[in-house]
file query_16.txt (compact mmCIF, C-alpha atoms)
# COMPACT_ATOMS: atom_id res chain seq x y z
CA MET A 147 96.32 10.30 121.12
CA LYS A 148 98.56 9.76 118.10
CA ILE A 149 96.65 10.64 114.95
CA GLY A 150 97.71 10.39 111.33
CA ILE A 151 96.29 12.65 108.66
CA LEU A 152 96.31 11.55 105.05
CA GLY A 153 96.27 14.57 102.77
CA THR A 154 97.69 18.07 102.92
CA GLY A 155 94.72 20.07 101.67
CA ILE A 156 92.66 22.58 103.62
CA VAL A 157 90.58 19.86 105.27
CA GLY A 158 93.62 17.97 106.55
CA ARG A 159 95.40 21.11 107.73
CA THR A 160 92.29 22.44 109.50
CA LEU A 161 91.69 19.15 111.30
CA GLY A 162 95.40 18.84 112.05
CA ASP A 163 95.59 22.31 113.61
CA LYS A 164 92.62 21.60 115.84
CA LEU A 165 93.92 18.19 116.92
CA VAL A 166 97.34 19.63 117.81
CA GLU A 167 95.63 22.43 119.73
CA LEU A 168 93.74 19.77 121.68
CA GLY A 169 97.01 18.07 122.64
CA HIS A 170 97.11 15.21 120.15
CA GLU A 171 100.32 14.15 118.39
CA VAL A 172 99.55 14.56 114.73
CA ARG A 173 101.54 13.41 111.72
CA MET A 174 100.49 14.67 108.30
CA GLY A 175 101.20 12.34 105.40
CA ALA A 176 101.83 13.32 101.81
CA ARG A 177 102.63 11.46 98.61
CA GLN A 178 106.32 12.36 98.82
CA ALA A 179 108.77 12.89 101.66
CA GLY A 180 109.57 16.55 102.19
CA ASN A 181 106.24 17.74 100.78
CA GLU A 182 106.41 21.50 101.27
CA THR A 183 102.83 21.94 102.42
CA ALA A 184 103.05 19.20 105.04
CA THR A 185 106.47 20.36 106.25
CA ALA A 186 105.32 23.97 106.52
CA TRP A 187 102.16 22.88 108.34
CA ALA A 188 104.14 20.80 110.86
CA SER A 189 106.60 23.63 111.42
CA ALA A 190 103.83 26.14 112.09
CA ALA A 191 101.74 23.77 114.20
CA GLY A 192 104.49 23.17 116.75
CA GLY A 193 106.13 20.34 118.61
CA ARG A 194 103.25 17.87 118.56
CA ALA A 195 103.03 18.06 114.76
CA SER A 196 105.15 16.20 112.26
CA ALA A 197 105.16 15.40 108.56
CA GLY A 198 106.02 12.38 106.47
CA MET A 199 104.80 10.16 103.69
CA PHE A 200 101.34 8.60 103.69
CA ALA A 201 102.80 5.40 105.16
CA ASP A 202 104.52 7.36 107.95
CA ALA A 203 101.26 9.06 108.94
CA ALA A 204 99.35 5.77 108.83
CA ALA A 205 101.97 3.98 110.95
CA HIS A 206 102.11 6.87 113.45
CA GLY A 207 98.49 7.07 114.40
CA GLU A 208 96.21 5.07 116.65
CA MET A 209 93.60 6.76 114.51
CA ALA A 210 93.92 8.09 110.97
CA LEU A 211 91.88 10.66 109.08
CA ASN A 212 91.43 10.29 105.33
CA CYS A 213 91.37 13.86 104.03
CA THR A 214 92.35 13.18 100.44
CA LYS A 215 90.28 13.93 97.36
CA GLY A 216 87.83 11.18 96.54
CA GLU A 217 89.32 10.51 93.14
CA VAL A 218 92.71 9.54 94.65
CA THR A 219 91.56 8.04 97.95
CA LEU A 220 91.94 4.36 97.10
CA GLU A 221 95.42 4.91 95.59
CA VAL A 222 96.50 6.92 98.65
CA LEU A 223 95.32 4.15 100.96
CA ARG A 224 97.41 1.65 98.98
CA GLN A 225 100.42 3.91 99.51
CA ALA A 226 99.57 4.30 103.19
CA GLY A 227 99.60 0.53 103.50
CA ALA A 228 96.86 -1.76 104.76
CA ASP A 229 99.30 -3.19 107.35
CA HIS A 230 99.86 0.27 108.83
CA LEU A 231 96.12 0.77 109.26
CA ALA A 232 95.13 -2.74 110.40
CA GLY A 233 93.08 -2.71 113.60
CA LYS A 234 92.99 1.09 113.66
CA VAL A 235 90.17 3.55 113.26
CA LEU A 236 90.14 5.36 109.93
CA VAL A 237 87.85 8.38 109.74
CA ASP A 238 86.80 8.81 106.13
CA VAL A 239 86.09 12.52 105.57
CA THR A 240 86.18 12.24 101.79
CA ASN A 241 83.51 12.60 99.11
CA PRO A 242 83.52 10.93 95.70
CA LEU A 243 83.13 14.19 93.76
CA ASP A 244 83.54 13.98 90.01
CA PHE A 245 84.35 17.37 88.49
CA SER A 246 85.06 15.93 85.04
CA HIS A 247 81.77 17.33 83.69
CA GLY A 248 82.00 20.75 85.39
CA PHE A 249 80.21 22.32 88.34
CA PRO A 250 78.26 21.18 90.22
CA PRO A 251 80.15 17.88 90.27
CA SER A 252 78.37 14.55 90.18
CA LEU A 253 79.25 11.61 92.42
CA ALA A 254 81.65 8.97 91.08
CA VAL A 255 79.81 6.36 93.16
CA CYS A 256 76.42 6.53 94.89
CA ASN A 257 73.04 4.96 95.59
CA THR A 258 73.97 1.25 95.85
CA ASP A 259 77.58 1.78 96.92
CA SER A 260 79.69 4.57 98.40
CA LEU A 261 83.27 5.68 98.73
CA GLY A 262 83.06 4.82 102.44
CA GLU A 263 82.20 1.23 101.57
CA GLN A 264 84.95 1.10 98.94
CA VAL A 265 87.42 2.24 101.59
CA GLN A 266 86.16 -0.37 104.05
CA ARG A 267 86.43 -3.10 101.40
CA ALA A 268 89.96 -1.98 100.52
CA LEU A 269 90.98 -2.13 104.21
CA PRO A 270 89.04 -5.06 105.71
CA LEU A 271 91.15 -5.07 108.89
CA THR A 272 90.62 -1.34 109.49
CA ARG A 273 87.60 0.04 111.34
CA VAL A 274 86.31 2.69 108.93
CA VAL A 275 83.99 5.43 110.20
CA LYS A 276 82.48 7.80 107.68
CA ALA A 277 82.16 11.20 109.34
CA LEU A 278 82.41 14.96 108.83
CA ASN A 279 82.01 14.73 105.04
CA THR A 280 78.80 16.75 104.98
CA MET A 281 80.19 20.17 105.88
CA TRP A 282 82.91 22.76 105.28
CA CYS A 283 86.01 22.12 107.37
CA GLY A 284 85.59 25.38 109.30
CA ILE A 285 82.45 23.87 110.83
CA MET A 286 84.00 20.45 111.48
CA VAL A 287 86.39 21.80 114.12
CA ASP A 288 84.27 24.68 115.42
CA PRO A 289 80.61 23.69 115.38
CA ARG A 290 79.69 26.40 117.86
CA ARG A 291 80.43 29.11 115.30
CA LEU A 292 76.94 28.34 113.98
CA PRO A 293 73.82 29.18 116.01
CA GLY A 294 71.61 26.41 117.31
CA SER A 295 71.87 22.67 117.03
CA HIS A 296 73.16 21.04 113.86
CA LEU A 297 74.40 17.60 112.95
CA VAL A 298 77.40 15.42 112.21
CA PHE A 299 76.64 11.93 110.92
CA LEU A 300 78.54 8.70 111.62
CA ALA A 301 78.44 5.49 109.59
CA GLY A 302 80.52 2.42 110.30
CA ASP A 303 80.42 -1.25 111.16
CA ASP A 304 82.34 -1.02 114.48
CA ALA A 305 80.54 0.51 117.46
CA ALA A 306 83.72 1.06 119.47
CA ALA A 307 85.32 2.85 116.54
CA LYS A 308 82.31 5.13 116.27
CA SER A 309 82.56 5.86 120.00
CA SER A 310 86.21 6.84 119.57
CA VAL A 311 85.33 9.18 116.74
CA ALA A 312 82.44 10.64 118.73
CA GLU A 313 84.86 11.40 121.58
CA VAL A 314 87.10 13.38 119.22
CA LEU A 315 84.04 15.20 117.90
CA ARG A 316 83.06 16.15 121.45
CA GLN A 317 86.55 17.59 121.88
CA PHE A 318 85.84 19.70 118.77
CA GLY A 319 82.75 21.09 120.47
CA TRP A 320 80.00 18.87 119.14
CA GLN A 321 77.22 18.15 121.62
CA PRO A 322 76.28 14.48 122.15
CA GLY A 323 72.82 15.02 120.66
CA GLU A 324 74.36 16.49 117.53
CA ILE A 325 76.38 13.34 116.76
CA VAL A 326 74.03 11.04 114.85
CA ASP A 327 74.96 7.38 114.32
CA LEU A 328 73.17 6.37 111.13
CA GLY A 329 74.21 2.72 111.28
CA ASP A 330 76.66 0.55 109.41
CA ILE A 331 79.03 1.67 106.68
CA THR A 332 76.31 1.43 104.01
CA ALA A 333 74.87 4.60 105.56
CA ALA A 334 77.84 6.38 103.98
CA ARG A 335 75.67 6.32 100.84
CA ALA A 336 73.20 8.59 102.58
CA THR A 337 75.77 11.12 103.81
CA GLU A 338 77.74 11.22 100.56
CA MET A 339 74.45 11.79 98.71
CA LEU A 340 73.98 14.97 100.75
CA LEU A 341 76.74 16.55 98.70
CA PRO A 342 74.55 17.50 95.72
CA ILE A 343 72.26 19.65 97.88
CA TRP A 344 75.19 20.95 99.92
CA LEU A 345 76.81 22.11 96.68
CA ARG A 346 73.58 23.76 95.47
CA LEU A 347 73.20 25.60 98.77
CA TYR A 348 76.88 26.57 98.70
CA GLY A 349 76.48 27.90 95.15
CA LYS A 350 73.41 29.89 96.17
CA ARG A 351 74.96 31.32 99.36
CA GLY A 352 78.54 31.76 98.20
CA ASP A 353 79.94 30.50 101.49
CA GLY A 354 80.23 27.22 103.37
CA ALA A 355 79.42 28.51 106.83
CA PHE A 356 76.27 26.44 107.23
CA ASN A 357 75.34 22.91 108.18
CA PHE A 358 72.46 20.48 108.05
CA ALA A 359 70.06 20.35 110.97
CA ILE A 360 66.78 18.65 111.70
CA ALA A 361 63.60 20.27 112.97
CA GLY A 362 61.34 17.98 114.95
CA MET B 279 42.29 27.90 92.03
CA LYS B 280 41.36 24.66 90.26
CA ILE B 281 43.91 22.01 91.15
CA GLY B 282 44.20 18.43 89.94
CA ILE B 283 45.78 15.73 92.04
CA LEU B 284 47.25 12.65 90.37
CA GLY B 285 47.26 9.76 92.82
CA THR B 286 44.98 8.59 95.62
CA GLY B 287 47.59 7.68 98.24
CA ILE B 288 48.13 9.36 101.58
CA VAL B 289 50.20 12.15 100.00
CA GLY B 290 47.51 13.04 97.49
CA ARG B 291 44.71 12.84 100.03
CA THR B 292 46.57 14.94 102.59
CA LEU B 293 47.40 17.63 100.04
CA GLY B 294 43.86 17.45 98.68
CA ASP B 295 42.26 17.92 102.10
CA LYS B 296 44.41 20.97 102.80
CA LEU B 297 43.77 22.53 99.39
CA VAL B 298 39.99 22.08 99.77
CA GLU B 299 40.18 23.57 103.27
CA LEU B 300 41.96 26.58 101.75
CA GLY B 301 39.12 27.05 99.28
CA HIS B 302 40.59 25.50 96.15
CA GLU B 303 38.54 23.32 93.80
CA VAL B 304 40.33 19.99 93.79
CA ARG B 305 39.80 17.01 91.53
CA MET B 306 41.57 13.79 92.47
CA GLY B 307 42.47 11.52 89.58
CA ALA B 308 42.84 7.75 89.65
CA ARG B 309 43.64 5.08 87.12
CA GLN B 310 40.00 4.08 86.76
CA ALA B 311 36.70 5.93 86.92
CA GLY B 312 34.84 5.25 90.16
CA ASN B 313 37.99 4.49 92.10
CA GLU B 314 36.73 3.89 95.63
CA THR B 315 39.48 5.77 97.42
CA ALA B 316 39.13 8.86 95.25
CA THR B 317 35.33 8.79 95.43
CA ALA B 318 35.35 8.40 99.20
CA TRP B 319 37.88 11.19 99.54
CA ALA B 320 35.81 13.56 97.40
CA SER B 321 32.66 12.68 99.31
CA ALA B 322 34.29 13.36 102.67
CA ALA B 323 36.11 16.51 101.54
CA GLY B 324 32.94 18.29 100.51
CA GLY B 325 31.58 20.38 97.67
CA ARG B 326 34.84 21.74 96.32
CA ALA B 327 36.24 18.21 95.90
CA SER B 328 35.61 15.83 93.04
CA ALA B 329 37.05 12.60 91.66
CA GLY B 330 37.75 11.24 88.22
CA MET B 331 40.35 9.58 86.08
CA PHE B 332 43.90 10.90 85.75
CA ALA B 333 42.92 12.73 82.57
CA ASP B 334 39.94 14.37 84.32
CA ALA B 335 42.12 15.65 87.13
CA ALA B 336 44.75 16.93 84.69
CA ALA B 337 42.15 18.70 82.53
CA HIS B 338 40.43 20.21 85.60
CA GLY B 339 43.36 21.98 87.14
CA GLU B 340 45.20 25.19 86.43
CA MET B 341 47.83 23.43 88.49
CA ALA B 342 48.37 19.69 88.99
CA LEU B 343 50.18 17.79 91.72
CA ASN B 344 51.90 14.54 90.87
CA CYS B 345 51.47 12.39 93.98
CA THR B 346 51.93 8.98 92.40
CA LYS B 347 54.61 6.45 93.23
CA GLY B 348 57.84 7.07 91.36
CA GLU B 349 57.74 3.71 89.65
CA VAL B 350 54.45 4.49 87.89
CA THR B 351 54.79 8.26 87.46
CA LEU B 352 55.69 8.33 83.76
CA GLU B 353 52.91 5.90 82.88
CA VAL B 354 50.39 7.91 84.92
CA LEU B 355 51.41 11.10 83.15
CA ARG B 356 50.82 9.37 79.80
CA GLN B 357 47.33 8.49 80.98
CA ALA B 358 46.79 12.04 82.28
CA GLY B 359 47.64 13.32 78.82
CA ALA B 360 50.32 15.81 77.80
CA ASP B 361 47.64 17.95 76.12
CA HIS B 362 45.73 18.27 79.40
CA LEU B 363 48.85 19.49 81.18
CA ALA B 364 50.28 21.74 78.44
CA GLY B 365 51.09 25.24 79.70
CA LYS B 366 50.14 24.31 83.26
CA VAL B 367 52.19 24.01 86.43
CA LEU B 368 52.85 20.44 87.52
CA VAL B 369 54.19 20.05 91.05
CA ASP B 370 56.23 16.86 91.17
CA VAL B 371 56.09 15.54 94.74
CA THR B 372 57.33 12.09 93.79
CA ASN B 373 60.55 10.20 94.55
CA PRO B 374 62.10 7.47 92.39
CA LEU B 375 62.22 4.92 95.20
CA ASP B 376 63.16 1.36 94.22
CA PHE B 377 62.03 -1.16 96.84
CA SER B 378 62.90 -4.17 94.68
CA HIS B 379 65.94 -4.93 96.83
CA GLY B 380 64.29 -4.33 100.22
CA PHE B 381 64.51 -1.54 102.78
CA PRO B 382 65.98 1.03 102.69
CA PRO B 383 65.12 1.46 99.02
CA SER B 384 67.64 2.73 96.50
CA LEU B 385 66.86 5.36 93.87
CA ALA B 386 65.82 4.20 90.40
CA VAL B 387 67.49 7.30 88.95
CA CYS B 388 69.93 9.75 90.52
CA ASN B 389 73.18 11.71 90.29
CA THR B 390 73.23 12.68 86.59
CA ASP B 391 69.46 12.60 86.08
CA SER B 392 66.34 12.66 88.23
CA LEU B 393 62.69 11.76 88.14
CA GLY B 394 61.89 15.48 88.07
CA GLU B 395 63.89 15.84 84.86
CA GLN B 396 62.27 12.73 83.37
CA VAL B 397 58.87 14.24 84.09
CA GLN B 398 59.88 17.55 82.49
CA ARG B 399 61.24 15.75 79.41
CA ALA B 400 58.01 13.72 79.14
CA LEU B 401 55.93 16.92 79.30
CA PRO B 402 57.95 19.58 77.48
CA LEU B 403 55.00 22.01 77.32
CA THR B 404 54.31 21.70 81.07
CA ARG B 405 56.07 23.83 83.66
CA VAL B 406 57.35 21.22 86.14
CA VAL B 407 58.31 22.27 89.67
CA LYS B 408 59.91 19.70 91.94
CA ALA B 409 58.76 20.42 95.48
CA LEU B 410 57.73 18.86 98.80
CA ASN B 411 59.39 15.51 98.03
CA THR B 412 61.80 15.76 100.98
CA MET B 413 59.34 15.32 103.84
CA TRP B 414 56.40 13.38 105.24
CA CYS B 415 53.05 14.66 103.99
CA GLY B 416 51.97 15.70 107.50
CA ILE B 417 54.70 18.34 107.39
CA MET B 418 53.96 19.46 103.82
CA VAL B 419 50.57 20.92 104.74
CA ASP B 420 51.31 21.92 108.34
CA PRO B 421 54.92 23.10 108.62
CA ARG B 422 54.23 24.93 111.88
CA ARG B 423 53.69 21.63 113.70
CA LEU B 424 57.50 21.51 113.91
CA PRO B 425 59.42 23.99 116.06
CA GLY B 426 61.73 26.51 114.46
CA SER B 427 62.56 27.18 110.86
CA HIS B 428 62.86 24.33 108.35
CA LEU B 429 62.94 24.09 104.60
CA VAL B 430 61.02 23.19 101.47
CA PHE B 431 63.05 23.12 98.25
CA LEU B 432 61.93 24.13 94.76
CA ALA B 433 63.55 23.13 91.46
CA GLY B 434 62.22 24.06 88.04
CA ASP B 435 62.98 25.88 84.82
CA ASP B 436 60.09 28.39 84.98
CA ALA B 437 60.36 31.22 87.49
CA ALA B 438 56.66 32.12 87.32
CA ALA B 439 55.70 28.50 87.95
CA LYS B 440 57.94 28.42 91.02
CA SER B 441 56.28 31.63 92.25
CA SER B 442 52.85 30.03 91.87
CA VAL B 443 53.98 26.99 93.85
CA ALA B 444 55.56 29.20 96.51
CA GLU B 445 52.22 31.02 96.91
CA VAL B 446 50.45 27.72 97.59
CA LEU B 447 53.20 26.80 100.07
CA ARG B 448 52.67 30.09 101.89
CA GLN B 449 48.98 29.20 102.14
CA PHE B 450 50.09 25.95 103.77
CA GLY B 451 51.97 27.98 106.40
CA TRP B 452 55.50 28.02 105.01
CA GLN B 453 57.38 31.25 105.69
CA PRO B 454 59.01 32.96 102.69
CA GLY B 455 62.51 32.34 104.08
CA GLU B 456 61.76 28.63 104.37
CA ILE B 457 60.99 28.24 100.65
CA VAL B 458 64.36 27.70 98.97
CA ASP B 459 64.64 27.92 95.18
CA LEU B 460 67.59 25.69 94.28
CA GLY B 461 67.55 26.54 90.58
CA ASP B 462 66.51 24.75 87.43
CA ILE B 463 64.96 21.29 87.20
CA THR B 464 68.37 19.60 87.41
CA ALA B 465 68.33 20.57 91.10
CA ALA B 466 65.70 17.84 91.49
CA ARG B 467 68.72 15.51 91.60
CA ALA B 468 69.78 17.17 94.84
CA THR B 469 66.40 16.97 96.54
CA GLU B 470 65.66 13.40 95.43
CA MET B 471 69.10 12.40 96.72
CA LEU B 472 68.02 13.57 100.19
CA LEU B 473 65.79 10.52 100.39
CA PRO B 474 68.50 8.08 101.47
CA ILE B 475 69.32 10.11 104.59
CA TRP B 476 65.64 10.89 105.19
CA LEU B 477 64.94 7.15 105.15
CA ARG B 478 67.84 6.43 107.55
CA LEU B 479 66.61 9.11 109.96
CA TYR B 480 63.05 7.82 109.63
CA GLY B 481 64.23 4.29 110.40
CA LYS B 482 66.17 5.52 113.42
CA ARG B 483 63.33 7.67 114.80
CA GLY B 484 60.36 5.55 113.81
CA ASP B 485 58.32 8.56 112.74
CA GLY B 486 58.31 11.10 109.93
CA ALA B 487 57.55 14.18 112.02
CA PHE B 488 60.82 15.92 111.19
CA ASN B 489 62.28 17.99 108.39
CA PHE B 490 65.56 19.27 107.07
CA ALA B 491 66.81 22.63 108.25
CA ILE B 492 70.00 24.62 107.87
CA ALA B 493 72.03 26.19 110.66
CA GLY B 494 74.03 29.24 109.64
call {"tool": "encode", "arguments": {"input": "query_16.txt", "output": "structure tokens"}}
result
Amino acid sequence: MKIGILGTGIVGRTLGDKLVELGHEVRMGARQAGNETATAWASAAGGRASAGMFADAAAHGEMALNCTKGEVTLEVLRQAGADHLAGKVLVDVTNPLDFSHGFPPSLAVCNTDSLGEQVQRALPLTRVVKALNTMWCGIMVDPRRLPGSHLVFLAGDDAAAKSSVAEVLRQFGWQPGEIVDLGDITAARATEMLLPIWLRLYGKRGDGAFNFAIAG
Amino acid sequence: MKIGILGTGIVGRTLGDKLVELGHEVRMGARQAGNETATAWASAAGGRASAGMFADAAAHGEMALNCTKGEVTLEVLRQAGADHLAGKVLVDVTNPLDFSHGFPPSLAVCNTDSLGEQVQRALPLTRVVKALNTMWCGIMVDPRRLPGSHLVFLAGDDAAAKSSVAEVLRQFGWQPGEIVDLGDITAARATEMLLPIWLRLYGKRGDGAFNFAIAG
């Protein structure tokens, strides 16, 4: 599948590497053409990887992954272009973290709204699926590095879009029973509101090699 | 130990039954003297159980458990009396659920404040420990009914108070490694913000016989 990645940070590069390894054609988008990080990533990742601007990555993919920081997400999506994402699946991996008052960050939006919903409202013709935002990227693409069963949550209004995302997750190594569909895009509130406890646990442990699970 | 329970709902009665079974002297407090639920509970629970008003329960205990609904918690604590709770440990089991806009409820406070912090600010001489608010009461007092390891979170400013609460949790059957101290009372934000996903999972499952765990 052709997949666009918006963002050149560690989350985008980690997901990009895994998707290329799985045989997908991946284009990483950055704010400016010739972005060194995106170009270097594409060069290292091989022939199925390419780099361009946000709009190039959005136009390239049948699916796109939003791996930008929450504070710039809506501006990046404007640059990517609603037309380039219309009808497509957009996986929103982002969290609305607000570091302006120090660590741990608060959420810039929560409780009665979410960044996932803001993204869906900004792109009404795009099928947004909130996913993968509740864990460190090393777990996203290699869930079996952790012992036992643990969970990845989906939220979105389009069932077929969620099925497409679940298929990619299975390629990453997630078991069907570990992929939990929480409902429509308003459930993004629930997964984004996991970040405060994730950050406390991360601060206590000093590493991100853990994930949420359910007993019972 | 003498323990006061504020609230006559299922959470208070379940915790009260278990504490009496463990040999504690438990007084359940209600808004009014002669409250039928509290009186019936005390009668059924036996000689170590008694019932009274909120202030009676607060004065009785070396430790008190706040098992009221979030929307009335601060008013109940006023009735219980700051003097009766001064110097004591208050376990805040409550969540600030706001059902005024239907199900699932939103949180009346979150992100940059929490009900746990509001309780601590209302009772500056009391050692508040947020605990047990992230699960159904059937799990609180019988963690071993679920398979595997799962977690109960503590948040509070007083280390000795958290140790006292942890000792009661061990009496309930929690293993030391399952009792996770997340830090000071501001960590109550993190545990109260678990409620949205707890409620989604509850809605999806149709039962509360589950709890949060961590893989890794």
call {"tool": "interface_residues", "arguments": {"input": "query_16.txt", "of": "chain B", "to": "chain A", "cutoff": "6 Å", "atoms": "only C-alpha atoms", "output": "JSON, numbers by chain"}}
result
{"B": [384, 389, 424, 468, 471, 474, 475, 488, 489, 490, 491, 492, 493, 494]}
call {"tool": "residues_around", "arguments": {"input": "query_16.txt", "residues": "Val367 (chain B)", "least_positions_apart": "2", "cutoff": "6 Å", "atoms": "all atoms listed in the file", "output": "JSON list (two decimals) with C-alpha atoms, in the coordinates of the input"}}
result
[["chain", "number", "residue", "atom", "x", "y", "z"],
["B", 341, "MET", "CA", 47.83, 23.43, 88.49],
["B", 405, "ARG", "CA", 56.07, 23.83, 83.66],
["B", 406, "VAL", "CA", 57.35, 21.22, 86.14],
["B", 439, "ALA", "CA", 55.70, 28.50, 87.95]]
call {"tool": "closest_residue", "arguments": {"input": "query_16.txt", "among": "B:Gly287, B:Gly301, B:Gly324, B:Gly380", "to": "Val446 (chain B)", "atoms": "all atoms listed in the file"}}
result
B:Gly301
call {"tool": "residues_around", "arguments": {"input": "query_16.txt", "residues": "Ala226 (chain A)", "least_positions_apart": "2", "cutoff": "8 Å", "atoms": "only C-alpha atoms", "output": "list of chain:residue names"}}
result
A:Met199, A:Phe200, A:Ala201, A:Asp202, A:Ala203, A:Ala204, A:Val222, A:Leu223, A:Arg224, A:Ala228, A:His230, A:Leu231
call {"tool": "residues_around", "arguments": {"input": "query_16.txt", "residues": "Asn373 (chain B)", "least_positions_apart": "2", "cutoff": "7 Å", "atoms": "only C-alpha atoms", "output": "VMD selection string"}}
result
chain B and resid 348 371 375 393 411 470
call {"tool": "residues_around", "arguments": {"input": "query_16.txt", "residues": "Ala312 (chain A)", "least_positions_apart": "4", "cutoff": "7 Å", "atoms": "only C-alpha atoms", "output": "ChimeraX atom specification"}}
result
/A:308,316,325
call {"tool": "atom_distance", "arguments": {"input": "query_16.txt", "atom1": "CA of Phe249 (chain A)", "atom2": "CA of Thr464 (chain B)"}}
result
12.2 Å
call {"tool": "atom_distance", "arguments": {"input": "query_16.txt", "atom1": "CA of Ala190 (chain A)", "atom2": "CA of Val275 (chain A)"}}
result
28.7 Å
call {"tool": "atom_distance", "arguments": {"input": "query_16.txt", "atom1": "CA of Asp304 (chain A)", "atom2": "CA of Asp330 (chain A)"}}
result
7.8 Å
call {"tool": "residues_around", "arguments": {"input": "query_16.txt", "residues": "Thr185 (chain A)", "least_positions_apart": "3", "cutoff": "9 Å", "atoms": "only C-alpha atoms", "output": "MDAnalysis selection string"}}
result
chainID A and resid 174 180:182 188:190 196:198
call {"tool": "write_last_selection", "arguments": {"input": "query_16.txt", "atoms": "C-alpha atoms", "output": "tab-separated table (two decimals), keeping the file's coordinate frame"}}
result
chain	number	residue	atom	x	y	z
A	174	MET	CA	100.49	14.67	108.30
A	180	GLY	CA	109.57	16.55	102.19
A	181	ASN	CA	106.24	17.74	100.78
A	182	GLU	CA	106.41	21.50	101.27
A	188	ALA	CA	104.14	20.80	110.86
A	189	SER	CA	106.60	23.63	111.42
A	190	ALA	CA	103.83	26.14	112.09
A	196	SER	CA	105.15	16.20	112.26
A	197	ALA	CA	105.16	15.40	108.56
A	198	GLY	CA	106.02	12.38	106.47
call {"tool": "axis_aligned_box", "arguments": {"input": "query_16.txt", "around": "region 472-480 of chain B", "padding_each_side": "5 Å", "output": "lines of an AutoDock Vina configuration file"}}
result
center_x = 66.2
center_y = 10.0
center_z = 105.1
size_x = 16.3
size_y = 17.1
size_z = 19.8
call {"tool": "decode", "arguments": {"input": "query_16.txt", "residues": "region 392-403 of chain B", "atoms": "N, CA, C and O atoms", "output": "tab-separated table (two decimals), in the first residue's frame"}}
result
chain	number	residue	atom	x	y	z
B	392	SER	N	-7.76	18.37	40.10
B	392	SER	CA	-8.46	17.09	40.28
B	392	SER	C	-9.32	17.18	41.53
B	392	SER	O	-9.13	18.06	42.39
B	393	LEU	N	-10.24	16.25	41.64
B	393	LEU	CA	-11.05	16.20	42.86
B	393	LEU	C	-10.16	15.87	44.07
B	393	LEU	O	-10.35	16.42	45.15
B	394	GLY	N	-9.18	15.00	43.86
B	394	GLY	CA	-8.26	14.67	44.96
B	394	GLY	C	-7.58	15.91	45.51
B	394	GLY	O	-7.45	16.08	46.73
B	395	GLU	N	-7.15	16.80	44.60
B	395	GLU	CA	-6.50	18.03	45.05
B	395	GLU	C	-7.51	18.97	45.72
B	395	GLU	O	-7.17	19.65	46.69
B	396	GLN	N	-8.74	19.01	45.20
B	396	GLN	CA	-9.76	19.84	45.83
B	396	GLN	C	-10.03	19.38	47.26
B	396	GLN	O	-10.20	20.19	48.17
B	397	VAL	N	-10.08	18.05	47.43
B	397	VAL	CA	-10.29	17.49	48.76
B	397	VAL	C	-9.12	17.86	49.68
B	397	VAL	O	-9.33	18.29	50.83
B	398	GLN	N	-7.89	17.73	49.19
B	398	GLN	CA	-6.73	18.08	50.01
B	398	GLN	C	-6.73	19.56	50.38
B	398	GLN	O	-6.41	19.93	51.51
B	399	ARG	N	-7.11	20.41	49.41
B	399	ARG	CA	-7.15	21.85	49.71
B	399	ARG	C	-8.25	22.18	50.73
B	399	ARG	O	-8.11	23.07	51.56
B	400	ALA	N	-9.36	21.42	50.66
B	400	ALA	CA	-10.47	21.66	51.60
B	400	ALA	C	-10.11	21.20	53.01
B	400	ALA	O	-10.69	21.69	53.99
B	401	LEU	N	-9.18	20.26	53.10
B	401	LEU	CA	-8.81	19.67	54.40
B	401	LEU	C	-7.29	19.73	54.55
B	401	LEU	O	-6.61	18.69	54.53
B	402	PRO	N	-6.73	20.91	54.73
B	402	PRO	CA	-5.27	21.03	54.71
B	402	PRO	C	-4.58	20.28	55.84
B	402	PRO	O	-3.39	19.95	55.71
B	403	LEU	N	-5.29	19.99	56.93
B	403	LEU	CA	-4.66	19.27	58.05
B	403	LEU	C	-4.85	17.76	57.94
B	403	LEU	O	-4.40	17.01	58.81
